[in-house]
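my_file-v6.cif (mmCIF, C-alpha atoms and all ligand atoms)
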```cif
data_work
#
loop_
_atom_site.group_PDB
_atom_site.id
_atom_site.type_symbol
_atom_site.label_atom_id
_atom_site.label_comp_id
_atom_site.auth_asym_id
_atom_site.auth_seq_id
_atom_site.Cartn_x
_atom_site.Cartn_y
_atom_site.Cartn_z
ATOM 1 C CA MET A 1 76.732 83.897 122.137
ATOM 2 C CA SER A 2 76.083 86.851 119.803
ATOM 3 C CA MET A 3 75.756 86.320 116.043
ATOM 4 C CA SER A 4 79.236 87.683 115.398
ATOM 5 C CA GLU A 5 80.723 85.212 117.890
ATOM 6 C CA GLN A 6 79.268 82.136 116.186
ATOM 7 C CA LEU A 7 81.744 80.374 113.948
ATOM 8 C CA GLU A 8 81.193 78.043 111.017
ATOM 9 C CA LEU A 9 84.131 75.785 110.199
ATOM 10 C CA VAL A 10 84.983 76.090 106.489
ATOM 11 C CA SER A 11 87.976 73.738 106.377
ATOM 12 C CA ALA A 12 90.537 72.049 108.612
ATOM 13 C CA THR A 13 93.915 70.841 107.374
ATOM 14 C CA LYS A 14 96.584 69.217 109.520
ATOM 15 C CA SER A 15 100.011 70.852 109.252
ATOM 16 C CA PHE A 16 103.188 70.127 111.245
ATOM 17 C CA GLY A 17 101.208 68.490 114.039
ATOM 18 C CA GLY A 18 98.838 71.453 114.298
ATOM 19 C CA TRP A 19 95.865 72.655 112.272
ATOM 20 C CA VAL A 20 95.179 75.281 109.624
ATOM 21 C CA LYS A 21 91.496 76.087 110.041
ATOM 22 C CA ARG A 22 89.259 78.516 108.169
ATOM 23 C CA TYR A 23 86.153 79.916 109.817
ATOM 24 C CA LYS A 24 83.258 82.012 108.599
ATOM 25 C CA HIS A 25 81.397 84.407 110.878
ATOM 26 C CA TYR A 26 79.144 87.428 110.682
ATOM 27 C CA SER A 27 81.064 90.603 111.500
ATOM 28 C CA ARG A 28 79.096 93.292 113.260
ATOM 29 C CA ALA A 29 81.837 95.863 112.624
ATOM 30 C CA LEU A 30 81.769 95.260 108.864
ATOM 31 C CA ASP A 31 78.136 94.173 108.566
ATOM 32 C CA CYS A 32 78.930 91.217 106.328
ATOM 33 C CA ASP A 33 80.124 87.632 106.552
ATOM 34 C CA MET A 34 83.893 87.234 106.850
ATOM 35 C CA ILE A 35 86.332 84.328 106.717
ATOM 36 C CA PHE A 36 89.558 84.155 108.711
ATOM 37 C CA THR A 37 92.275 81.519 108.916
ATOM 38 C CA ILE A 38 94.000 80.376 112.087
ATOM 39 C CA TYR A 39 97.039 78.158 112.547
ATOM 40 C CA LEU A 40 96.882 76.282 115.828
ATOM 41 C CA PRO A 41 100.225 74.722 116.751
ATOM 42 C CA PRO A 42 100.316 71.286 118.413
ATOM 43 C CA GLN A 43 100.865 72.933 121.821
ATOM 44 C CA ALA A 44 97.330 74.386 121.588
ATOM 45 C CA GLU A 45 95.948 70.886 122.237
ATOM 46 C CA GLU A 46 97.577 70.899 125.669
ATOM 47 C CA GLY A 47 97.227 74.498 126.823
ATOM 48 C CA ARG A 48 97.036 78.166 125.906
ATOM 49 C CA VAL A 49 99.470 79.648 123.397
ATOM 50 C CA PRO A 50 100.555 83.135 122.304
ATOM 51 C CA LEU A 51 99.212 84.591 119.078
ATOM 52 C CA MET A 52 100.727 86.436 116.132
ATOM 53 C CA TRP A 53 98.377 88.431 113.887
ATOM 54 C CA TRP A 54 99.291 88.490 110.213
ATOM 55 C CA LEU A 55 97.866 91.256 108.025
ATOM 56 C CA SER A 56 98.077 90.618 104.297
ATOM 57 C CA GLY A 57 98.474 93.021 101.402
ATOM 58 C CA LEU A 58 96.501 94.249 98.418
ATOM 59 C CA THR A 59 94.578 91.583 96.473
ATOM 60 C CA CYS A 60 95.001 89.025 99.286
ATOM 61 C CA ASN A 61 92.472 87.246 101.414
ATOM 62 C CA ASP A 62 92.919 85.169 104.565
ATOM 63 C CA GLU A 63 94.647 82.356 102.648
ATOM 64 C CA ASN A 64 97.707 83.842 100.909
ATOM 65 C CA PHE A 65 99.973 83.798 103.952
ATOM 66 C CA MET A 66 99.028 80.300 105.107
ATOM 67 C CA GLN A 67 99.523 78.861 101.636
ATOM 68 C CA LYS A 68 102.670 80.691 100.566
ATOM 69 C CA ALA A 69 104.764 81.906 103.521
ATOM 70 C CA GLY A 70 105.707 78.478 104.885
ATOM 71 C CA ALA A 71 105.298 79.647 108.477
ATOM 72 C CA GLN A 72 103.673 76.562 109.972
ATOM 73 C CA LYS A 73 106.807 74.508 110.652
ATOM 74 C CA THR A 74 108.449 77.180 112.790
ATOM 75 C CA ALA A 75 105.153 78.262 114.372
ATOM 76 C CA ALA A 76 104.663 74.627 115.411
ATOM 77 C CA GLU A 77 108.168 74.464 116.849
ATOM 78 C CA LEU A 78 107.700 77.713 118.772
ATOM 79 C CA GLY A 79 104.105 77.072 119.837
ATOM 80 C CA ILE A 80 102.651 80.199 118.278
ATOM 81 C CA ALA A 81 99.130 80.496 116.873
ATOM 82 C CA ILE A 82 98.734 82.714 113.798
ATOM 83 C CA VAL A 83 95.526 84.433 112.738
ATOM 84 C CA CYS A 84 95.115 85.858 109.231
ATOM 85 C CA PRO A 85 92.090 88.116 108.790
ATOM 86 C CA ASP A 86 90.813 88.969 105.331
ATOM 87 C CA THR A 87 91.889 92.322 103.864
ATOM 88 C CA SER A 88 88.465 93.956 103.372
ATOM 89 C CA PRO A 89 84.757 93.378 103.840
ATOM 90 C CA ARG A 90 83.370 90.776 101.421
ATOM 91 C CA GLY A 91 80.169 89.868 99.650
ATOM 92 C CA LEU A 92 79.090 93.446 99.048
ATOM 93 C CA ASP A 93 78.714 95.194 95.736
ATOM 94 C CA LEU A 94 79.267 98.818 96.601
ATOM 95 C CA PRO A 95 79.636 101.094 93.559
ATOM 96 C CA GLY A 96 83.201 100.768 92.219
ATOM 97 C CA GLU A 97 84.187 98.305 94.952
ATOM 98 C CA HIS A 98 85.672 95.705 92.607
ATOM 99 C CA ASP A 99 87.022 98.019 89.895
ATOM 100 C CA SER A 100 90.691 98.176 90.930
ATOM 101 C CA TYR A 101 93.209 96.038 92.785
ATOM 102 C CA ASP A 102 94.312 98.858 95.099
ATOM 103 C CA PHE A 103 90.977 100.091 96.378
ATOM 104 C CA GLY A 104 87.763 98.497 97.664
ATOM 105 C CA SER A 105 87.610 94.720 97.929
ATOM 106 C CA GLY A 106 90.992 93.283 98.890
ATOM 107 C CA ALA A 107 92.198 96.759 99.860
ATOM 108 C CA GLY A 108 90.633 97.778 103.171
ATOM 109 C CA PHE A 109 93.838 99.451 104.462
ATOM 110 C CA TYR A 110 92.991 98.470 108.068
ATOM 111 C CA LEU A 111 91.156 101.746 108.715
ATOM 112 C CA ASN A 112 87.661 102.896 109.654
ATOM 113 C CA ALA A 113 86.230 104.671 106.607
ATOM 114 C CA LYS A 114 84.422 107.958 107.121
ATOM 115 C CA ARG A 115 83.043 108.562 103.642
ATOM 116 C CA GLU A 116 79.932 107.102 102.054
ATOM 117 C CA PRO A 117 79.382 104.497 100.750
ATOM 118 C CA TRP A 118 82.383 102.923 102.524
ATOM 119 C CA SER A 119 81.733 103.997 106.106
ATOM 120 C CA LYS A 120 79.046 101.416 106.896
ATOM 121 C CA HIS A 121 81.233 98.413 106.038
ATOM 122 C CA TYR A 122 84.883 99.423 105.640
ATOM 123 C CA ARG A 123 85.768 99.374 109.345
ATOM 124 C CA MET A 124 88.758 97.046 109.242
ATOM 125 C CA TYR A 125 90.515 98.866 112.118
ATOM 126 C CA ASP A 126 87.691 97.969 114.506
ATOM 127 C CA TYR A 127 87.459 94.486 113.028
ATOM 128 C CA VAL A 128 91.118 93.585 113.513
ATOM 129 C CA THR A 129 91.681 95.414 116.810
ATOM 130 C CA GLU A 130 88.442 94.564 118.623
ATOM 131 C CA GLU A 131 85.884 92.267 117.067
ATOM 132 C CA LEU A 132 88.053 89.481 115.687
ATOM 133 C CA PRO A 133 90.328 89.389 118.776
ATOM 134 C CA SER A 134 87.217 88.888 120.957
ATOM 135 C CA VAL A 135 86.042 86.068 118.708
ATOM 136 C CA VAL A 136 89.489 84.438 118.776
ATOM 137 C CA ARG A 137 89.773 84.736 122.570
ATOM 138 C CA LEU A 138 86.341 83.167 122.995
ATOM 139 C CA HIS A 139 86.897 80.141 120.762
ATOM 140 C CA PHE A 140 90.599 79.275 120.819
ATOM 141 C CA PRO A 141 93.191 78.455 123.504
ATOM 142 C CA VAL A 142 95.188 81.700 123.331
ATOM 143 C CA ASN A 143 96.937 83.094 126.394
ATOM 144 C CA GLY A 144 96.467 86.836 125.908
ATOM 145 C CA ARG A 145 99.994 87.509 124.596
ATOM 146 C CA GLU A 146 99.759 88.992 121.070
ATOM 147 C CA SER A 147 102.124 90.268 118.423
ATOM 148 C CA ILE A 148 101.557 91.529 114.903
ATOM 149 C CA SER A 149 103.167 91.387 111.476
ATOM 150 C CA GLY A 150 102.168 91.984 107.888
ATOM 151 C CA HIS A 151 103.128 92.631 104.303
ATOM 152 C CA SER A 152 102.879 95.794 102.195
ATOM 153 C CA MET A 153 99.362 97.176 102.901
ATOM 154 C CA GLY A 154 99.345 94.672 105.769
ATOM 155 C CA GLY A 155 102.747 95.943 106.909
ATOM 156 C CA HIS A 156 101.194 99.401 107.036
ATOM 157 C CA GLY A 157 98.368 97.881 109.082
ATOM 158 C CA ALA A 158 100.737 96.162 111.506
ATOM 159 C CA LEU A 159 102.803 99.315 112.097
ATOM 160 C CA VAL A 160 99.754 101.567 112.515
ATOM 161 C CA LEU A 161 97.921 99.198 114.851
ATOM 162 C CA ALA A 162 100.990 98.790 117.035
ATOM 163 C CA LEU A 163 101.897 102.494 117.109
ATOM 164 C CA ARG A 164 98.309 103.458 117.967
ATOM 165 C CA GLN A 165 97.992 100.938 120.787
ATOM 166 C CA PRO A 166 101.154 101.218 122.894
ATOM 167 C CA GLY A 167 101.779 98.140 124.999
ATOM 168 C CA ARG A 168 99.253 95.910 123.263
ATOM 169 C CA TYR A 169 101.608 93.848 121.094
ATOM 170 C CA ALA A 170 104.716 92.146 122.431
ATOM 171 C CA ALA A 171 106.347 92.516 118.999
ATOM 172 C CA VAL A 172 105.694 94.161 115.656
ATOM 173 C CA SER A 173 107.380 93.424 112.362
ATOM 174 C CA ALA A 174 106.680 93.996 108.690
ATOM 175 C CA PHE A 175 107.725 92.945 105.209
ATOM 176 C CA ALA A 176 107.918 95.750 102.629
ATOM 177 C CA PRO A 177 105.380 97.946 104.431
ATOM 178 C CA ILE A 178 103.744 101.097 103.073
ATOM 179 C CA VAL A 179 105.265 103.352 105.738
ATOM 180 C CA ASN A 180 104.026 106.769 104.620
ATOM 181 C CA PRO A 181 100.654 106.188 102.904
ATOM 182 C CA ILE A 182 99.618 109.865 102.966
ATOM 183 C CA GLN A 183 102.522 110.626 100.615
ATOM 184 C CA VAL A 184 102.325 107.751 98.091
ATOM 185 C CA PRO A 185 99.796 106.869 95.359
ATOM 186 C CA TRP A 186 98.338 103.695 96.957
ATOM 187 C CA GLY A 187 97.664 105.470 100.235
ATOM 188 C CA GLN A 188 96.515 108.749 98.716
ATOM 189 C CA LYS A 189 93.905 107.007 96.569
ATOM 190 C CA ALA A 190 92.628 104.903 99.469
ATOM 191 C CA PHE A 191 92.657 107.658 102.100
ATOM 192 C CA GLU A 192 90.969 110.189 99.792
ATOM 193 C CA ASN A 193 88.095 107.797 99.119
ATOM 194 C CA TYR A 194 87.782 106.208 102.558
ATOM 195 C CA LEU A 195 88.634 109.171 104.779
ATOM 196 C CA GLY A 196 88.091 112.326 102.733
ATOM 197 C CA ASP A 197 90.262 115.406 103.110
ATOM 198 C CA ASP A 198 90.592 115.486 106.910
ATOM 199 C CA VAL A 199 94.389 115.674 107.201
ATOM 200 C CA GLY A 200 94.333 115.001 110.942
ATOM 201 C CA LEU A 201 92.392 111.789 110.391
ATOM 202 C CA ARG A 202 94.685 110.632 107.589
ATOM 203 C CA THR A 203 97.775 111.075 109.771
ATOM 204 C CA GLN A 204 96.300 108.672 112.336
ATOM 205 C CA TYR A 205 96.774 105.894 109.783
ATOM 206 C CA ASP A 206 100.330 106.783 108.726
ATOM 207 C CA ALA A 207 103.284 105.095 110.446
ATOM 208 C CA CYS A 208 105.724 107.959 109.755
ATOM 209 C CA GLU A 209 103.287 110.490 111.206
ATOM 210 C CA LEU A 210 102.608 108.309 114.239
ATOM 211 C CA VAL A 211 106.327 107.928 114.947
ATOM 212 C CA ALA A 212 106.735 111.707 114.622
ATOM 213 C CA LYS A 213 103.846 112.203 117.065
ATOM 214 C CA GLY A 214 105.781 110.090 119.542
ATOM 215 C CA SER A 215 102.918 108.379 121.368
ATOM 216 C CA SER A 216 104.570 104.947 121.262
ATOM 217 C CA ARG A 217 108.089 103.623 121.743
ATOM 218 C CA GLN A 218 107.271 100.237 120.159
ATOM 219 C CA PRO A 219 110.411 98.872 118.452
ATOM 220 C CA LEU A 220 109.844 98.188 114.739
ATOM 221 C CA PHE A 221 111.475 95.337 112.824
ATOM 222 C CA ILE A 222 111.246 95.593 109.029
ATOM 223 C CA ASP A 223 112.588 93.586 106.097
ATOM 224 C CA GLN A 224 112.638 95.157 102.631
ATOM 225 C CA GLY A 225 113.717 93.636 99.318
ATOM 226 C CA GLU A 226 115.890 95.868 97.173
ATOM 227 C CA ALA A 227 114.475 94.438 93.920
ATOM 228 C CA ASP A 228 110.902 95.239 94.986
ATOM 229 C CA ASN A 229 109.147 96.914 92.063
ATOM 230 C CA PHE A 230 107.036 99.018 94.470
ATOM 231 C CA LEU A 231 110.019 100.229 96.496
ATOM 232 C CA GLU A 232 110.538 103.695 95.085
ATOM 233 C CA GLU A 233 106.990 104.743 94.294
ATOM 234 C CA GLN A 234 104.951 103.205 97.118
ATOM 235 C CA LEU A 235 107.086 101.928 99.984
ATOM 236 C CA LYS A 236 109.859 104.461 100.634
ATOM 237 C CA PRO A 237 111.369 102.877 103.756
ATOM 238 C CA GLU A 238 113.951 105.683 103.892
ATOM 239 C CA ARG A 239 111.167 107.994 105.112
ATOM 240 C CA LEU A 240 110.504 105.812 108.147
ATOM 241 C CA GLU A 241 114.229 105.480 108.707
ATOM 242 C CA ALA A 242 114.593 109.278 108.719
ATOM 243 C CA VAL A 243 111.672 109.942 111.042
ATOM 244 C CA CYS A 244 112.789 107.199 113.452
ATOM 245 C CA GLU A 245 116.283 108.652 113.486
ATOM 246 C CA GLU A 246 114.936 112.157 114.092
ATOM 247 C CA HIS A 247 112.677 111.036 116.952
ATOM 248 C CA ASP A 248 115.032 108.407 118.344
ATOM 249 C CA HIS A 249 112.440 105.673 117.728
ATOM 250 C CA PRO A 250 113.832 102.099 117.784
ATOM 251 C CA LEU A 251 113.898 100.653 114.247
ATOM 252 C CA THR A 252 115.665 97.689 112.688
ATOM 253 C CA LEU A 253 115.402 98.016 108.904
ATOM 254 C CA ARG A 254 117.130 95.314 106.868
ATOM 255 C CA ARG A 255 117.544 95.703 103.116
ATOM 256 C CA HIS A 256 117.967 92.485 101.128
ATOM 257 C CA PRO A 257 119.606 92.655 97.691
ATOM 258 C CA GLY A 258 117.757 90.807 94.916
ATOM 259 C CA TYR A 259 114.484 90.142 96.776
ATOM 260 C CA ASP A 260 111.209 91.366 95.258
ATOM 261 C CA HIS A 261 107.757 92.067 96.734
ATOM 262 C CA SER A 262 106.440 88.517 96.530
ATOM 263 C CA TYR A 263 105.776 85.732 98.990
ATOM 264 C CA PHE A 264 109.115 84.196 97.905
ATOM 265 C CA PHE A 265 110.677 87.110 99.809
ATOM 266 C CA ILE A 266 108.382 86.625 102.812
ATOM 267 C CA ALA A 267 109.046 82.870 102.887
ATOM 268 C CA SER A 268 112.789 83.568 102.901
ATOM 269 C CA PHE A 269 112.671 85.542 106.155
ATOM 270 C CA ILE A 270 109.477 84.486 107.936
ATOM 271 C CA ASP A 271 111.338 82.122 110.276
ATOM 272 C CA GLU A 272 113.474 84.998 111.551
ATOM 273 C CA HIS A 273 110.338 87.058 112.154
ATOM 274 C CA LEU A 274 108.655 84.213 114.007
ATOM 275 C CA ARG A 275 111.695 83.779 116.244
ATOM 276 C CA TYR A 276 111.787 87.538 116.868
ATOM 277 C CA HIS A 277 108.114 87.401 117.857
ATOM 278 C CA ALA A 278 108.544 84.261 120.000
ATOM 279 C CA GLU A 279 111.376 85.809 122.025
ATOM 280 C CA ARG A 280 109.086 88.701 122.963
ATOM 281 C CA LEU A 281 105.864 86.715 123.282
ATOM 282 C CA TYR A 282 107.541 84.388 125.789
ATOM 283 C CA ALA A 283 109.571 87.068 127.598
ATOM 284 C CA LYS A 284 108.889 87.474 131.318
ATOM 285 C CA ARG A 285 107.073 90.753 132.014
HETATM 286 N N1 LIG B 1 98.192 92.993 91.149
HETATM 287 C C1 LIG B 1 99.031 94.081 91.473
HETATM 288 C C2 LIG B 1 99.933 93.817 92.656
HETATM 289 C C3 LIG B 1 99.321 93.006 93.718
HETATM 290 C C4 LIG B 1 100.354 92.555 94.718
HETATM 291 O O1 LIG B 1 101.533 92.526 94.487
HETATM 292 N N2 LIG B 1 99.861 92.209 95.887
HETATM 293 C C5 LIG B 1 100.743 91.801 96.944
HETATM 294 C C6 LIG B 1 100.604 92.779 98.066
HETATM 295 S S1 LIG B 1 100.949 94.413 97.471
HETATM 296 C C7 LIG B 1 100.679 95.480 98.768
HETATM 297 O O2 LIG B 1 99.841 95.462 99.575
HETATM 298 C C8 LIG B 1 100.401 90.394 97.372
HETATM 299 O O3 LIG B 1 100.674 90.006 98.466
HETATM 300 N N3 LIG B 1 99.791 89.630 96.472
HETATM 301 C C9 LIG B 1 99.282 88.309 96.744
HETATM 302 C C10 LIG B 1 100.235 87.182 96.535
HETATM 303 O O4 LIG B 1 99.845 86.043 96.922
HETATM 304 O O5 LIG B 1 101.343 87.373 96.040
HETATM 305 C C11 LIG B 1 99.911 94.408 90.286
HETATM 306 O O6 LIG B 1 99.919 93.576 89.395
HETATM 307 O O7 LIG B 1 100.597 95.416 90.329
#
```
Show this structure as structure tokens.
Amino acid sequence: MSMSEQLELVSATKSFGGWVKRYKHYSRALDCDMIFTIYLPPQAEEGRVPLMWWLSGLTCNDENFMQKAGAQKTAAELGIAIVCPDTSPRGLDLPGEHDSYDFGSGAGFYLNAKREPWSKHYRMYDYVTEELPSVVRLHFPVNGRESISGHSMGGHGALVLALRQPGRYAAVSAFAPIVNPIQVPWGQKAFENYLGDDVGLRTQYDACELVAKGSSRQPLFIDQGEADNFLEEQLKPERLEAVCEEHDHPLTLRRHPGYDHSYFFIASFIDEHLRYHAERLYAKR
């Protein structure tokens, strides 16, 4: 077993007949130690189960979703494992890395950075698409069926990963995703610093641009709160709606009056997302 495949158990907590477990491992892609959390439903004690990836947003780590979304009860009922990676490399002290909430630590944007000093460690795209899935497949009873979801920056990650890898995920959904990062302040700041001014490279990490490019027909399921204080400046779901309409890309976008950007919003609709994922994860191919 390579160094990156060796896991150290950090904690194990029983939940709805299954287990929430945190593991530490060395990531070769990021060249640092990382922690991820997995929920293993009770069915995983008897056989292999499908897996939903959850990508969290700015300022989060691997724990926010497991502690706040209340997903375990329905995941246990449906027999779905959930893996929550962290949102950036950790344990480094790159210059400026911890200075702001929307860049550097806690804000990896699920991309492979090209600019120094970020390029050696900030390779979250490779980490969440290749390295961590290999580790999970090696150590846990998963059956090869995967889906993906996420929130805000993690919603951006879920959409981009799915649109760039047609056929990989049985389902993709998002809560309040950043759909057009190249056109909004959060994304512009991150992409400028991580990727530089290569416009072609930036568009590869932008859901609206990927839909316009048309390389995937993956249906997208999105929930958005109308009282979200990031809605107008950072999220702009109407842009994705317009590009999907123009390119006839399947999109279900639900707007919910009164809901904000928090995990109270996610907890309110996570069961519907899990059922959406389960239907597709268990569908006959
Ligand atoms: N601190 C910032 C906002 C931080 C914030 O709202 N983070 C969200 C994700 S935002 C987009 O990626 C989050 O999930 N926070 C963690 C949580 O547990 O709620 C500010 O004050 O503006």
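The list of residues with at least one atom within 7 Å of region 216-226 of chain A, based on all atoms listed in the file and without residues fewer than 2 positions apart in the same chain, reads Leu163, Pro166, Val172, Ser173, Ala174, Phe175, Ala176, Gly214, Asp228, His249, Pro250, Leu251, Thr252, Leu253, Arg254, Arg255, His256, Pro257, Gly258, Tyr259, Asp260 and His261 of chain A.
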Writing out the chosen residues with C-alpha atoms as a PDB file, in the coordinates of the input:
```pdb
ATOM      1  CA  LEU A 163     101.897 102.494 117.109  1.00  0.00           C
ATOM      2  CA  PRO A 166     101.154 101.218 122.894  1.00  0.00           C
ATOM      3  CA  VAL A 172     105.694  94.161 115.656  1.00  0.00           C
ATOM      4  CA  SER A 173     107.380  93.424 112.362  1.00  0.00           C
ATOM      5  CA  ALA A 174     106.680  93.996 108.690  1.00  0.00           C
ATOM      6  CA  PHE A 175     107.725  92.945 105.209  1.00  0.00           C
ATOM      7  CA  ALA A 176     107.918  95.750 102.629  1.00  0.00           C
ATOM      8  CA  GLY A 214     105.781 110.090 119.542  1.00  0.00           C
ATOM      9  CA  ASP A 228     110.902  95.239  94.986  1.00  0.00           C
ATOM     10  CA  HIS A 249     112.440 105.673 117.728  1.00  0.00           C
ATOM     11  CA  PRO A 250     113.832 102.099 117.784  1.00  0.00           C
ATOM     12  CA  LEU A 251     113.898 100.653 114.247  1.00  0.00           C
ATOM     13  CA  THR A 252     115.665  97.689 112.688  1.00  0.00           C
ATOM     14  CA  LEU A 253     115.402  98.016 108.904  1.00  0.00           C
ATOM     15  CA  ARG A 254     117.130  95.314 106.868  1.00  0.00           C
ATOM     16  CA  ARG A 255     117.544  95.703 103.116  1.00  0.00           C
ATOM     17  CA  HIS A 256     117.967  92.485 101.128  1.00  0.00           C
ATOM     18  CA  PRO A 257     119.606  92.655  97.691  1.00  0.00           C
ATOM     19  CA  GLY A 258     117.757  90.807  94.916  1.00  0.00           C
ATOM     20  CA  TYR A 259     114.484  90.142  96.776  1.00  0.00           C
ATOM     21  CA  ASP A 260     111.209  91.366  95.258  1.00  0.00           C
ATOM     22  CA  HIS A 261     107.757  92.067  96.734  1.00  0.00           C
TER      23      HIS A 261
END
```
When the PyMOL selection byres (((chain A and resi 194-203) around 7) and not hetatm) is applied to the file above, which residues end up in the set, as a PDB file with C-alpha atoms, keeping the file's coordinate frame?
```
ATOM      1  CA  ALA A 113      86.230 104.671 106.607  1.00  0.00           C
ATOM      2  CA  LYS A 114      84.422 107.958 107.121  1.00  0.00           C
ATOM      3  CA  ARG A 115      83.043 108.562 103.642  1.00  0.00           C
ATOM      4  CA  TRP A 118      82.383 102.923 102.524  1.00  0.00           C
ATOM      5  CA  ILE A 182      99.618 109.865 102.966  1.00  0.00           C
ATOM      6  CA  ALA A 190      92.628 104.903  99.469  1.00  0.00           C
ATOM      7  CA  PHE A 191      92.657 107.658 102.100  1.00  0.00           C
ATOM      8  CA  GLU A 192      90.969 110.189  99.792  1.00  0.00           C
ATOM      9  CA  ASN A 193      88.095 107.797  99.119  1.00  0.00           C
ATOM     10  CA  GLN A 204      96.300 108.672 112.336  1.00  0.00           C
ATOM     11  CA  TYR A 205      96.774 105.894 109.783  1.00  0.00           C
ATOM     12  CA  ASP A 206     100.330 106.783 108.726  1.00  0.00           C
ATOM     13  CA  GLU A 209     103.287 110.490 111.206  1.00  0.00           C
TER      14      GLU A 209
END
```
- Can you list, as a count of residues only, the residues that the PyMOL selection byres (((chain A and resi 89) around 10) and not hetatm) selects here? 25
All file atoms of ligand LIG 1 (chain B) boxed axis-aligned, 6 Å per side, centre plus edges, as AutoDock Vina command-line options:
```
--center_x 99.9 --center_y 90.8 --center_z 94.5 --size_x 15.3 --size_y 21.4 --size_z 22.2
```
- Write out as a VMD selection string the residues lying within 10 Å of region 133-146 of chain A, counting all atoms listed in the file and excluding same-chain residues fewer than 4 positions away. chain A and resid 1 4 to 7 25 27 38 40 43 to 53 80 to 83 126 to 129 168 to 172 277 280 to 282
- Residues picked by the PyMOL selection byres (((not hetatm)) within 10 of (chain B and resi 1)) here, as a PyMOL selection string? chain A and resi 55-61+63-65+67-69+87+100-102+106-107+109+150-157+175-178+186+228-230+234-235+260-264+266
Restricting it to C-alpha atoms, dump the selection as a PDB file, in the coordinates of the input.
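So the final result, stored in again08.pdb, reads:
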```pdb
ATOM      1  CA  LEU A  55      97.866  91.256 108.025  1.00  0.00           C
ATOM      2  CA  SER A  56      98.077  90.618 104.297  1.00  0.00           C
ATOM      3  CA  GLY A  57      98.474  93.021 101.402  1.00  0.00           C
ATOM      4  CA  LEU A  58      96.501  94.249  98.418  1.00  0.00           C
ATOM      5  CA  THR A  59      94.578  91.583  96.473  1.00  0.00           C
ATOM      6  CA  CYS A  60      95.001  89.025  99.286  1.00  0.00           C
ATOM      7  CA  ASN A  61      92.472  87.246 101.414  1.00  0.00           C
ATOM      8  CA  GLU A  63      94.647  82.356 102.648  1.00  0.00           C
ATOM      9  CA  ASN A  64      97.707  83.842 100.909  1.00  0.00           C
ATOM     10  CA  PHE A  65      99.973  83.798 103.952  1.00  0.00           C
ATOM     11  CA  GLN A  67      99.523  78.861 101.636  1.00  0.00           C
ATOM     12  CA  LYS A  68     102.670  80.691 100.566  1.00  0.00           C
ATOM     13  CA  ALA A  69     104.764  81.906 103.521  1.00  0.00           C
ATOM     14  CA  THR A  87      91.889  92.322 103.864  1.00  0.00           C
ATOM     15  CA  SER A 100      90.691  98.176  90.930  1.00  0.00           C
ATOM     16  CA  TYR A 101      93.209  96.038  92.785  1.00  0.00           C
ATOM     17  CA  ASP A 102      94.312  98.858  95.099  1.00  0.00           C
ATOM     18  CA  GLY A 106      90.992  93.283  98.890  1.00  0.00           C
ATOM     19  CA  ALA A 107      92.198  96.759  99.860  1.00  0.00           C
ATOM     20  CA  PHE A 109      93.838  99.451 104.462  1.00  0.00           C
ATOM     21  CA  GLY A 150     102.168  91.984 107.888  1.00  0.00           C
ATOM     22  CA  HIS A 151     103.128  92.631 104.303  1.00  0.00           C
ATOM     23  CA  SER A 152     102.879  95.794 102.195  1.00  0.00           C
ATOM     24  CA  MET A 153      99.362  97.176 102.901  1.00  0.00           C
ATOM     25  CA  GLY A 154      99.345  94.672 105.769  1.00  0.00           C
ATOM     26  CA  GLY A 155     102.747  95.943 106.909  1.00  0.00           C
ATOM     27  CA  HIS A 156     101.194  99.401 107.036  1.00  0.00           C
ATOM     28  CA  GLY A 157      98.368  97.881 109.082  1.00  0.00           C
ATOM     29  CA  PHE A 175     107.725  92.945 105.209  1.00  0.00           C
ATOM     30  CA  ALA A 176     107.918  95.750 102.629  1.00  0.00           C
ATOM     31  CA  PRO A 177     105.380  97.946 104.431  1.00  0.00           C
ATOM     32  CA  ILE A 178     103.744 101.097 103.073  1.00  0.00           C
ATOM     33  CA  TRP A 186      98.338 103.695  96.957  1.00  0.00           C
ATOM     34  CA  ASP A 228     110.902  95.239  94.986  1.00  0.00           C
ATOM     35  CA  ASN A 229     109.147  96.914  92.063  1.00  0.00           C
ATOM     36  CA  PHE A 230     107.036  99.018  94.470  1.00  0.00           C
ATOM     37  CA  GLN A 234     104.951 103.205  97.118  1.00  0.00           C
ATOM     38  CA  LEU A 235     107.086 101.928  99.984  1.00  0.00           C
ATOM     39  CA  ASP A 260     111.209  91.366  95.258  1.00  0.00           C
ATOM     40  CA  HIS A 261     107.757  92.067  96.734  1.00  0.00           C
ATOM     41  CA  SER A 262     106.440  88.517  96.530  1.00  0.00           C
ATOM     42  CA  TYR A 263     105.776  85.732  98.990  1.00  0.00           C
ATOM     43  CA  PHE A 264     109.115  84.196  97.905  1.00  0.00           C
ATOM     44  CA  ILE A 266     108.382  86.625 102.812  1.00  0.00           C
TER      45      ILE A 266
END
```
- Message: Given all atoms listed in the file as the basis, pick out the residue of A:Thr37, A:Ser147, A:Leu111, A:Lys120 nearest to Glu279 (chain A).
- Response: A:Ser147
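Going from CA of Lys21 (chain A) to CA of Tyr39 (chain A) covers 6.4 Å.
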